[in-house]
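Text of the file upload_23.cif, holding mmCIF, N, CA and C atoms:
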data_structure
#
loop_
_atom_site.label_atom_id
_atom_site.label_comp_id
_atom_site.auth_asym_id
_atom_site.auth_seq_id
_atom_site.Cartn_x
_atom_site.Cartn_y
_atom_site.Cartn_z
N MET A 30 0.84 -1.18 0.00
CA MET A 30 0.00 0.00 0.00
C MET A 30 0.89 1.24 0.00
N GLN A 31 0.54 2.19 -0.86
CA GLN A 31 1.32 3.42 -0.97
C GLN A 31 1.07 4.31 0.24
N HIS A 32 2.13 4.99 0.66
CA HIS A 32 2.02 5.93 1.76
C HIS A 32 1.25 7.16 1.27
N GLU A 33 0.20 7.49 1.97
CA GLU A 33 -0.60 8.65 1.57
C GLU A 33 -0.13 9.86 2.34
N ARG A 34 0.05 10.96 1.62
CA ARG A 34 0.44 12.21 2.25
C ARG A 34 -0.80 13.07 2.44
N LYS A 35 -0.84 13.70 3.56
CA LYS A 35 -1.97 14.60 3.82
C LYS A 35 -1.81 15.82 2.91
N ALA A 36 -2.86 16.13 2.18
CA ALA A 36 -2.83 17.26 1.26
C ALA A 36 -2.71 18.57 2.03
N ARG A 37 -1.76 19.36 1.59
CA ARG A 37 -1.59 20.69 2.19
C ARG A 37 -2.14 21.71 1.21
N PRO A 38 -2.71 22.77 1.72
CA PRO A 38 -3.15 23.82 0.78
C PRO A 38 -1.91 24.40 0.08
N TRP A 39 -2.05 24.63 -1.21
CA TRP A 39 -0.92 25.12 -1.98
C TRP A 39 -0.94 26.64 -2.03
N ASN A 40 0.13 27.22 -1.52
CA ASN A 40 0.33 28.66 -1.58
C ASN A 40 1.71 28.86 -2.21
N PRO A 41 1.76 29.31 -3.45
CA PRO A 41 3.05 29.38 -4.14
C PRO A 41 4.12 30.14 -3.36
N GLU A 42 3.75 31.23 -2.75
CA GLU A 42 4.74 32.06 -2.05
C GLU A 42 5.30 31.40 -0.79
N SER A 43 4.71 30.27 -0.41
CA SER A 43 5.24 29.55 0.75
C SER A 43 6.22 28.45 0.34
N THR A 44 6.49 28.36 -0.97
CA THR A 44 7.39 27.31 -1.45
C THR A 44 8.75 27.87 -1.86
N SER A 45 9.77 27.06 -1.67
CA SER A 45 11.11 27.44 -2.12
C SER A 45 11.15 27.57 -3.63
N ALA A 46 10.46 26.68 -4.32
CA ALA A 46 10.48 26.68 -5.78
C ALA A 46 9.99 28.02 -6.34
N TYR A 47 8.98 28.59 -5.74
CA TYR A 47 8.46 29.88 -6.20
C TYR A 47 9.55 30.94 -6.13
N TRP A 48 10.25 31.00 -5.00
CA TRP A 48 11.25 32.05 -4.81
C TRP A 48 12.52 31.80 -5.63
N ILE A 49 12.88 30.52 -5.80
CA ILE A 49 14.02 30.19 -6.66
C ILE A 49 13.70 30.63 -8.09
N ASN A 50 12.51 30.30 -8.56
CA ASN A 50 12.10 30.66 -9.91
C ASN A 50 12.04 32.18 -10.09
N ARG A 51 11.46 32.87 -9.13
CA ARG A 51 11.35 34.33 -9.25
C ARG A 51 12.73 34.99 -9.25
N ALA A 52 13.61 34.55 -8.36
CA ALA A 52 14.97 35.10 -8.31
C ALA A 52 15.70 34.79 -9.62
N SER A 53 15.56 33.58 -10.12
CA SER A 53 16.23 33.19 -11.35
C SER A 53 15.77 34.05 -12.53
N ARG A 54 14.48 34.26 -12.64
CA ARG A 54 13.96 35.06 -13.75
C ARG A 54 14.45 36.50 -13.67
N LEU A 55 14.46 37.06 -12.48
CA LEU A 55 14.94 38.44 -12.32
C LEU A 55 16.43 38.55 -12.63
N LEU A 56 17.21 37.58 -12.16
CA LEU A 56 18.64 37.58 -12.45
C LEU A 56 18.90 37.41 -13.94
N MET A 57 18.19 36.50 -14.57
CA MET A 57 18.36 36.29 -16.01
C MET A 57 18.04 37.56 -16.79
N ARG A 58 16.96 38.23 -16.43
CA ARG A 58 16.58 39.47 -17.11
C ARG A 58 17.67 40.53 -16.94
N LEU A 59 18.17 40.67 -15.71
CA LEU A 59 19.22 41.64 -15.42
C LEU A 59 20.49 41.32 -16.21
N HIS A 60 20.92 40.06 -16.15
CA HIS A 60 22.15 39.66 -16.84
C HIS A 60 22.02 39.77 -18.36
N GLU A 61 20.90 39.36 -18.90
CA GLU A 61 20.69 39.48 -20.35
C GLU A 61 20.80 40.94 -20.79
N ALA A 62 20.19 41.84 -20.02
CA ALA A 62 20.23 43.27 -20.37
C ALA A 62 21.66 43.81 -20.34
N ARG A 63 22.48 43.29 -19.45
CA ARG A 63 23.86 43.77 -19.35
C ARG A 63 24.78 43.10 -20.36
N LEU A 64 24.48 41.85 -20.73
CA LEU A 64 25.33 41.14 -21.69
C LEU A 64 25.01 41.49 -23.14
N ARG A 65 23.75 41.80 -23.42
CA ARG A 65 23.33 42.06 -24.80
C ARG A 65 24.17 43.14 -25.48
N PRO A 66 24.45 44.29 -24.82
CA PRO A 66 25.27 45.30 -25.50
C PRO A 66 26.69 44.82 -25.82
N LEU A 67 27.13 43.78 -25.15
CA LEU A 67 28.47 43.22 -25.39
C LEU A 67 28.43 42.12 -26.46
N GLY A 68 27.23 41.81 -26.93
CA GLY A 68 27.08 40.79 -27.98
C GLY A 68 26.95 39.38 -27.45
N PHE A 69 26.67 39.24 -26.16
CA PHE A 69 26.56 37.92 -25.54
C PHE A 69 25.15 37.70 -24.98
N GLY A 70 24.87 36.44 -24.65
CA GLY A 70 23.63 36.06 -23.98
C GLY A 70 23.93 35.05 -22.90
N MET A 71 23.06 34.95 -21.93
CA MET A 71 23.28 34.04 -20.80
C MET A 71 23.42 32.59 -21.26
N SER A 72 22.68 32.18 -22.27
CA SER A 72 22.76 30.78 -22.71
C SER A 72 24.12 30.46 -23.30
N GLN A 73 24.86 31.49 -23.69
CA GLN A 73 26.18 31.29 -24.30
C GLN A 73 27.29 31.14 -23.26
N LEU A 74 27.01 31.40 -22.01
CA LEU A 74 28.07 31.41 -20.99
C LEU A 74 28.90 30.13 -20.93
N PRO A 75 28.29 28.94 -20.97
CA PRO A 75 29.15 27.75 -20.93
C PRO A 75 30.16 27.70 -22.08
N VAL A 76 29.75 28.15 -23.26
CA VAL A 76 30.66 28.16 -24.41
C VAL A 76 31.74 29.22 -24.20
N LEU A 77 31.34 30.40 -23.78
CA LEU A 77 32.30 31.48 -23.57
C LEU A 77 33.35 31.10 -22.54
N ILE A 78 32.92 30.52 -21.44
CA ILE A 78 33.85 30.14 -20.37
C ILE A 78 34.76 28.99 -20.83
N ALA A 79 34.20 28.04 -21.55
CA ALA A 79 35.00 26.90 -22.02
C ALA A 79 36.09 27.33 -23.00
N LEU A 80 35.83 28.41 -23.74
CA LEU A 80 36.77 28.83 -24.78
C LEU A 80 37.58 30.07 -24.41
N GLU A 81 37.38 30.59 -23.21
CA GLU A 81 38.00 31.87 -22.88
C GLU A 81 39.52 31.85 -22.86
N ASP A 82 40.11 30.70 -22.68
CA ASP A 82 41.58 30.65 -22.61
C ASP A 82 42.23 30.65 -24.00
N GLY A 83 41.41 30.75 -25.04
CA GLY A 83 41.96 30.80 -26.38
C GLY A 83 42.02 29.45 -27.07
N GLY A 84 41.54 28.41 -26.40
CA GLY A 84 41.57 27.08 -27.00
C GLY A 84 40.44 26.85 -27.98
N THR A 85 40.42 25.65 -28.54
CA THR A 85 39.37 25.24 -29.45
C THR A 85 38.77 23.93 -28.94
N LEU A 86 37.47 23.78 -29.15
CA LEU A 86 36.79 22.56 -28.72
C LEU A 86 35.78 22.13 -29.77
N PRO A 87 35.55 20.82 -29.87
CA PRO A 87 34.50 20.35 -30.78
C PRO A 87 33.11 20.59 -30.19
N GLN A 88 32.13 20.59 -31.07
CA GLN A 88 30.74 20.81 -30.67
C GLN A 88 30.28 19.83 -29.60
N LYS A 89 30.65 18.57 -29.75
CA LYS A 89 30.22 17.54 -28.79
C LYS A 89 30.68 17.88 -27.38
N THR A 90 31.91 18.31 -27.24
CA THR A 90 32.44 18.68 -25.91
C THR A 90 31.69 19.89 -25.37
N LEU A 91 31.44 20.89 -26.21
CA LEU A 91 30.71 22.08 -25.77
C LEU A 91 29.29 21.72 -25.33
N ALA A 92 28.65 20.81 -26.04
CA ALA A 92 27.30 20.37 -25.67
C ALA A 92 27.32 19.69 -24.29
N GLU A 93 28.34 18.86 -24.07
CA GLU A 93 28.45 18.18 -22.78
C GLU A 93 28.68 19.19 -21.65
N LEU A 94 29.57 20.15 -21.88
CA LEU A 94 29.84 21.16 -20.86
C LEU A 94 28.62 22.02 -20.54
N ALA A 95 27.84 22.33 -21.57
CA ALA A 95 26.64 23.15 -21.39
C ALA A 95 25.43 22.33 -20.94
N ARG A 96 25.58 21.01 -20.94
CA ARG A 96 24.49 20.10 -20.58
C ARG A 96 23.27 20.28 -21.46
N VAL A 97 23.54 20.35 -22.77
CA VAL A 97 22.46 20.45 -23.75
C VAL A 97 22.68 19.38 -24.81
N GLU A 98 21.64 19.12 -25.57
CA GLU A 98 21.73 18.15 -26.66
C GLU A 98 22.53 18.75 -27.81
N GLN A 99 23.12 17.88 -28.63
CA GLN A 99 23.94 18.34 -29.76
C GLN A 99 23.18 19.27 -30.72
N PRO A 100 21.91 18.95 -31.09
CA PRO A 100 21.20 19.86 -32.01
C PRO A 100 21.02 21.27 -31.41
N THR A 101 20.78 21.33 -30.11
CA THR A 101 20.65 22.62 -29.44
C THR A 101 21.96 23.39 -29.51
N MET A 102 23.07 22.69 -29.27
CA MET A 102 24.38 23.34 -29.34
C MET A 102 24.68 23.77 -30.76
N ALA A 103 24.32 22.94 -31.73
CA ALA A 103 24.57 23.29 -33.14
C ALA A 103 23.86 24.59 -33.50
N GLU A 104 22.61 24.74 -33.06
CA GLU A 104 21.85 25.97 -33.33
C GLU A 104 22.50 27.17 -32.64
N MET A 105 22.90 26.98 -31.38
CA MET A 105 23.53 28.08 -30.65
C MET A 105 24.84 28.50 -31.33
N LEU A 106 25.66 27.53 -31.70
CA LEU A 106 26.93 27.85 -32.34
C LEU A 106 26.72 28.54 -33.68
N ALA A 107 25.70 28.14 -34.42
CA ALA A 107 25.41 28.80 -35.69
C ALA A 107 25.07 30.27 -35.46
N ARG A 108 24.26 30.56 -34.44
CA ARG A 108 23.92 31.95 -34.12
C ARG A 108 25.15 32.72 -33.64
N MET A 109 25.96 32.06 -32.81
CA MET A 109 27.16 32.72 -32.29
C MET A 109 28.15 33.02 -33.42
N GLU A 110 28.24 32.12 -34.37
CA GLU A 110 29.13 32.34 -35.51
C GLU A 110 28.59 33.49 -36.38
N ARG A 111 27.31 33.46 -36.64
CA ARG A 111 26.67 34.53 -37.43
C ARG A 111 26.89 35.90 -36.79
N ASP A 112 26.85 35.93 -35.44
CA ASP A 112 27.00 37.19 -34.71
C ASP A 112 28.45 37.57 -34.44
N GLY A 113 29.38 36.76 -34.91
CA GLY A 113 30.79 37.09 -34.76
C GLY A 113 31.37 36.81 -33.38
N VAL A 114 30.69 35.97 -32.60
CA VAL A 114 31.16 35.63 -31.25
C VAL A 114 32.20 34.52 -31.31
N ILE A 115 31.99 33.57 -32.19
CA ILE A 115 32.91 32.42 -32.34
C ILE A 115 33.29 32.27 -33.79
N ARG A 116 34.29 31.44 -34.02
CA ARG A 116 34.63 31.02 -35.39
C ARG A 116 34.81 29.51 -35.33
N ARG A 117 34.51 28.88 -36.45
CA ARG A 117 34.67 27.43 -36.56
C ARG A 117 35.60 27.12 -37.71
N GLU A 118 36.41 26.11 -37.51
CA GLU A 118 37.33 25.66 -38.55
C GLU A 118 37.29 24.13 -38.58
N PRO A 119 37.64 23.55 -39.70
CA PRO A 119 37.60 22.08 -39.80
C PRO A 119 38.46 21.42 -38.72
N ASN A 120 37.96 20.31 -38.22
CA ASN A 120 38.70 19.54 -37.22
C ASN A 120 39.60 18.56 -37.97
N PRO A 121 40.93 18.71 -37.85
CA PRO A 121 41.83 17.83 -38.60
C PRO A 121 41.71 16.36 -38.17
N GLU A 122 41.19 16.11 -36.96
CA GLU A 122 41.06 14.74 -36.47
C GLU A 122 39.69 14.12 -36.79
N ASP A 123 38.74 14.96 -37.22
CA ASP A 123 37.39 14.49 -37.54
C ASP A 123 36.88 15.31 -38.72
N LYS A 124 36.98 14.75 -39.89
CA LYS A 124 36.65 15.49 -41.11
C LYS A 124 35.19 15.96 -41.15
N ARG A 125 34.31 15.29 -40.39
CA ARG A 125 32.90 15.71 -40.37
C ARG A 125 32.65 16.83 -39.39
N GLY A 126 33.57 17.04 -38.45
CA GLY A 126 33.34 18.01 -37.39
C GLY A 126 34.18 19.27 -37.55
N SER A 127 33.94 20.19 -36.63
CA SER A 127 34.71 21.42 -36.64
C SER A 127 35.15 21.74 -35.21
N LEU A 128 36.12 22.61 -35.12
CA LEU A 128 36.60 23.10 -33.83
C LEU A 128 36.14 24.54 -33.68
N THR A 129 35.70 24.87 -32.49
CA THR A 129 35.14 26.19 -32.21
C THR A 129 36.09 26.97 -31.32
N SER A 130 36.24 28.25 -31.61
CA SER A 130 37.04 29.13 -30.76
C SER A 130 36.36 30.50 -30.71
N LEU A 131 36.71 31.29 -29.72
CA LEU A 131 36.19 32.65 -29.62
C LEU A 131 36.92 33.55 -30.60
N THR A 132 36.21 34.53 -31.12
CA THR A 132 36.88 35.54 -31.92
C THR A 132 37.69 36.43 -30.97
N SER A 133 38.66 37.14 -31.50
CA SER A 133 39.47 38.02 -30.65
C SER A 133 38.60 39.11 -30.04
N GLN A 134 37.58 39.58 -30.76
CA GLN A 134 36.68 40.60 -30.21
C GLN A 134 35.90 40.06 -29.01
N SER A 135 35.46 38.83 -29.10
CA SER A 135 34.72 38.24 -27.98
C SER A 135 35.63 38.06 -26.77
N ARG A 136 36.84 37.58 -27.02
CA ARG A 136 37.78 37.40 -25.90
C ARG A 136 38.07 38.74 -25.24
N ALA A 137 38.15 39.79 -26.03
CA ALA A 137 38.42 41.12 -25.49
C ALA A 137 37.24 41.65 -24.67
N ARG A 138 36.01 41.27 -25.04
CA ARG A 138 34.81 41.75 -24.32
C ARG A 138 34.46 40.88 -23.11
N LEU A 139 35.03 39.71 -23.03
CA LEU A 139 34.68 38.77 -21.96
C LEU A 139 34.95 39.32 -20.55
N PRO A 140 36.06 40.00 -20.28
CA PRO A 140 36.26 40.55 -18.94
C PRO A 140 35.15 41.53 -18.53
N GLU A 141 34.68 42.34 -19.48
CA GLU A 141 33.59 43.27 -19.18
C GLU A 141 32.30 42.51 -18.89
N ALA A 142 32.07 41.43 -19.61
CA ALA A 142 30.89 40.60 -19.37
C ALA A 142 30.94 39.98 -17.98
N LYS A 143 32.11 39.47 -17.60
CA LYS A 143 32.25 38.88 -16.27
C LYS A 143 32.03 39.92 -15.18
N ALA A 144 32.54 41.13 -15.41
CA ALA A 144 32.34 42.20 -14.43
C ALA A 144 30.85 42.53 -14.29
N ALA A 145 30.13 42.53 -15.41
CA ALA A 145 28.69 42.80 -15.38
C ALA A 145 27.96 41.71 -14.59
N LEU A 146 28.38 40.47 -14.78
CA LEU A 146 27.76 39.37 -14.04
C LEU A 146 28.05 39.47 -12.54
N MET A 147 29.26 39.85 -12.21
CA MET A 147 29.62 39.99 -10.79
C MET A 147 28.86 41.16 -10.16
N LEU A 148 28.63 42.22 -10.92
CA LEU A 148 27.83 43.33 -10.42
C LEU A 148 26.42 42.85 -10.10
N GLY A 149 25.85 42.04 -10.98
CA GLY A 149 24.52 41.48 -10.73
C GLY A 149 24.51 40.61 -9.48
N GLU A 150 25.56 39.81 -9.30
CA GLU A 150 25.69 38.98 -8.09
C GLU A 150 25.72 39.86 -6.85
N ASP A 151 26.51 40.93 -6.92
CA ASP A 151 26.61 41.84 -5.77
C ASP A 151 25.27 42.51 -5.47
N GLU A 152 24.55 42.88 -6.51
CA GLU A 152 23.24 43.51 -6.31
C GLU A 152 22.25 42.51 -5.72
N ALA A 153 22.29 41.28 -6.19
CA ALA A 153 21.35 40.26 -5.72
C ALA A 153 21.60 39.89 -4.26
N THR A 154 22.84 39.99 -3.83
CA THR A 154 23.18 39.57 -2.46
C THR A 154 23.57 40.76 -1.59
N ALA A 155 23.14 41.94 -1.99
CA ALA A 155 23.42 43.15 -1.19
C ALA A 155 22.92 42.95 0.24
N GLY A 156 23.75 43.30 1.20
CA GLY A 156 23.37 43.17 2.61
C GLY A 156 23.63 41.79 3.19
N PHE A 157 24.04 40.83 2.37
CA PHE A 157 24.37 39.49 2.86
C PHE A 157 25.80 39.51 3.41
N THR A 158 26.01 38.78 4.46
CA THR A 158 27.38 38.58 4.93
C THR A 158 28.04 37.53 4.04
N GLN A 159 29.36 37.41 4.12
CA GLN A 159 30.06 36.37 3.36
C GLN A 159 29.54 34.99 3.76
N LYS A 160 29.26 34.82 5.03
CA LYS A 160 28.76 33.54 5.53
C LYS A 160 27.37 33.24 4.94
N GLU A 161 26.52 34.25 4.85
CA GLU A 161 25.19 34.06 4.26
C GLU A 161 25.29 33.74 2.77
N LYS A 162 26.21 34.40 2.07
CA LYS A 162 26.40 34.12 0.64
C LYS A 162 26.84 32.67 0.45
N ALA A 163 27.76 32.22 1.29
CA ALA A 163 28.25 30.84 1.20
C ALA A 163 27.11 29.86 1.50
N LEU A 164 26.30 30.17 2.51
CA LEU A 164 25.18 29.30 2.86
C LEU A 164 24.16 29.24 1.73
N LEU A 165 23.86 30.37 1.13
CA LEU A 165 22.92 30.40 0.01
C LEU A 165 23.42 29.52 -1.13
N ARG A 166 24.70 29.66 -1.49
CA ARG A 166 25.27 28.82 -2.55
C ARG A 166 25.17 27.35 -2.19
N GLU A 167 25.52 27.03 -0.95
CA GLU A 167 25.48 25.63 -0.50
C GLU A 167 24.06 25.07 -0.59
N LEU A 168 23.08 25.82 -0.14
CA LEU A 168 21.70 25.35 -0.17
C LEU A 168 21.20 25.17 -1.60
N LEU A 169 21.53 26.12 -2.47
CA LEU A 169 21.11 26.00 -3.87
C LEU A 169 21.80 24.83 -4.55
N GLN A 170 23.05 24.59 -4.23
CA GLN A 170 23.76 23.43 -4.78
C GLN A 170 23.09 22.13 -4.33
N ARG A 171 22.63 22.10 -3.09
CA ARG A 171 21.92 20.90 -2.61
C ARG A 171 20.61 20.71 -3.35
N VAL A 172 19.89 21.80 -3.61
CA VAL A 172 18.65 21.71 -4.38
C VAL A 172 18.96 21.11 -5.75
N VAL A 173 20.00 21.62 -6.40
CA VAL A 173 20.38 21.11 -7.73
C VAL A 173 20.73 19.63 -7.66
N ARG A 174 21.54 19.24 -6.68
CA ARG A 174 21.91 17.82 -6.55
C ARG A 174 20.66 16.96 -6.33
N ASN A 175 19.75 17.42 -5.48
CA ASN A 175 18.52 16.66 -5.23
C ASN A 175 17.74 16.46 -6.53
N LEU A 176 17.64 17.50 -7.32
CA LEU A 176 16.86 17.42 -8.55
C LEU A 176 17.57 16.64 -9.63
N GLU A 177 18.89 16.74 -9.70
CA GLU A 177 19.64 15.98 -10.69
C GLU A 177 19.54 14.48 -10.41
N THR A 178 19.50 14.07 -9.16
CA THR A 178 19.41 12.64 -8.84
C THR A 178 17.99 12.12 -9.10
N GLU A 179 17.01 13.00 -9.09
CA GLU A 179 15.63 12.58 -9.37
C GLU A 179 15.44 12.28 -10.85
N GLY A 180 16.16 13.02 -11.72
CA GLY A 180 15.95 12.88 -13.17
C GLY A 180 16.67 11.72 -13.67
#
Full structure transcribed into structure tokens:
Amino acid sequence: MQHERKARPWNPESTSAYWINRASRLLMRLHEARLRPLGFGMSQLPVLIALEDGGTLPQKTLAELARVEQPTMAEMLARMERDGVIRREPNPEDKRGSLTSLTSQSRARLPEAKAALMLGEDEATAGFTQKEKALLRELLQRVVRNLETEG
């Protein structure tokens, strides 16, 4: 026999999920507005960070790092290439694939993008002590781990 849970009245504002979602949406909106003038978007961050040291990576590796499917990464890379954020060249080890790298302009703008993201972090956690910031990160990491093990 399945364990029955007593139904609780649902009040969205009393749930962690509501506040995580609201904070995430506000942060995404803030970060997108600050990154857009630099030619970047939040969804591109895993690619930007993976390539910031000047290296090149294949699409498959970038998809794994970003935790997205290959077709999704292919679409993103096509847009990034069109917008001059990345360049692709043939992969000498895989004739069907290509290697992706940041353009010099993107690499030059990346420090400003990181500063904009850190400003958003500072604004979001204004008034928090260092200990509170660490606790918030730890709790959110636990939420992520809990949800990743469920999927």
Item checked: atom C of A:Ser135 to atom C of A:Val114, distance in Å rounded to a single decimal -> 6.7 Å
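Interatomic distance, atom N of A:Gln88 to atom CA of A:Leu128: 5.8 Å.
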Margin query: For a quick check of understanding, using only N, CA and C atoms, which of A:Ser130, A:Asn120, A:Asn40, A:Gln159 has the smallest distance to A:Leu86?
Written below: A:Ser130
Notebook entry, point to check: atom C of A:Gly68 and atom C of A:Ala142 are how many Å apart?
Noted result: 10.3 Å
Next item on the list: Carefully work through the PyMOL selection byres (((chain A and resi 90 and name CA) around 12) and name CA) for this structure and note down the residues it includes, as a VMD selection string.
Entry: chain A and resid 75 to 76 79 to 80 85 to 89 91 to 99 102 to 103 126 to 129
Notebook entry, point to check: Just asking: which residues within stretch 43-127 of chain A are strand (DSSP E or B) according to DSSP, as an NGL selection string?
Noted result: :A and (86-87 or 115-120 or 123-127)
Next item on the list: Scan for residues within 12 Å of the point (24.4, 33.3, -23.7) in the coordinates of the file, using only C-alpha atoms, and reply as a PyMOL selection string.
Entry: chain A and resi 57-58+60-65+67-78+95+102+105-106+108-109+112+114+139+142+146
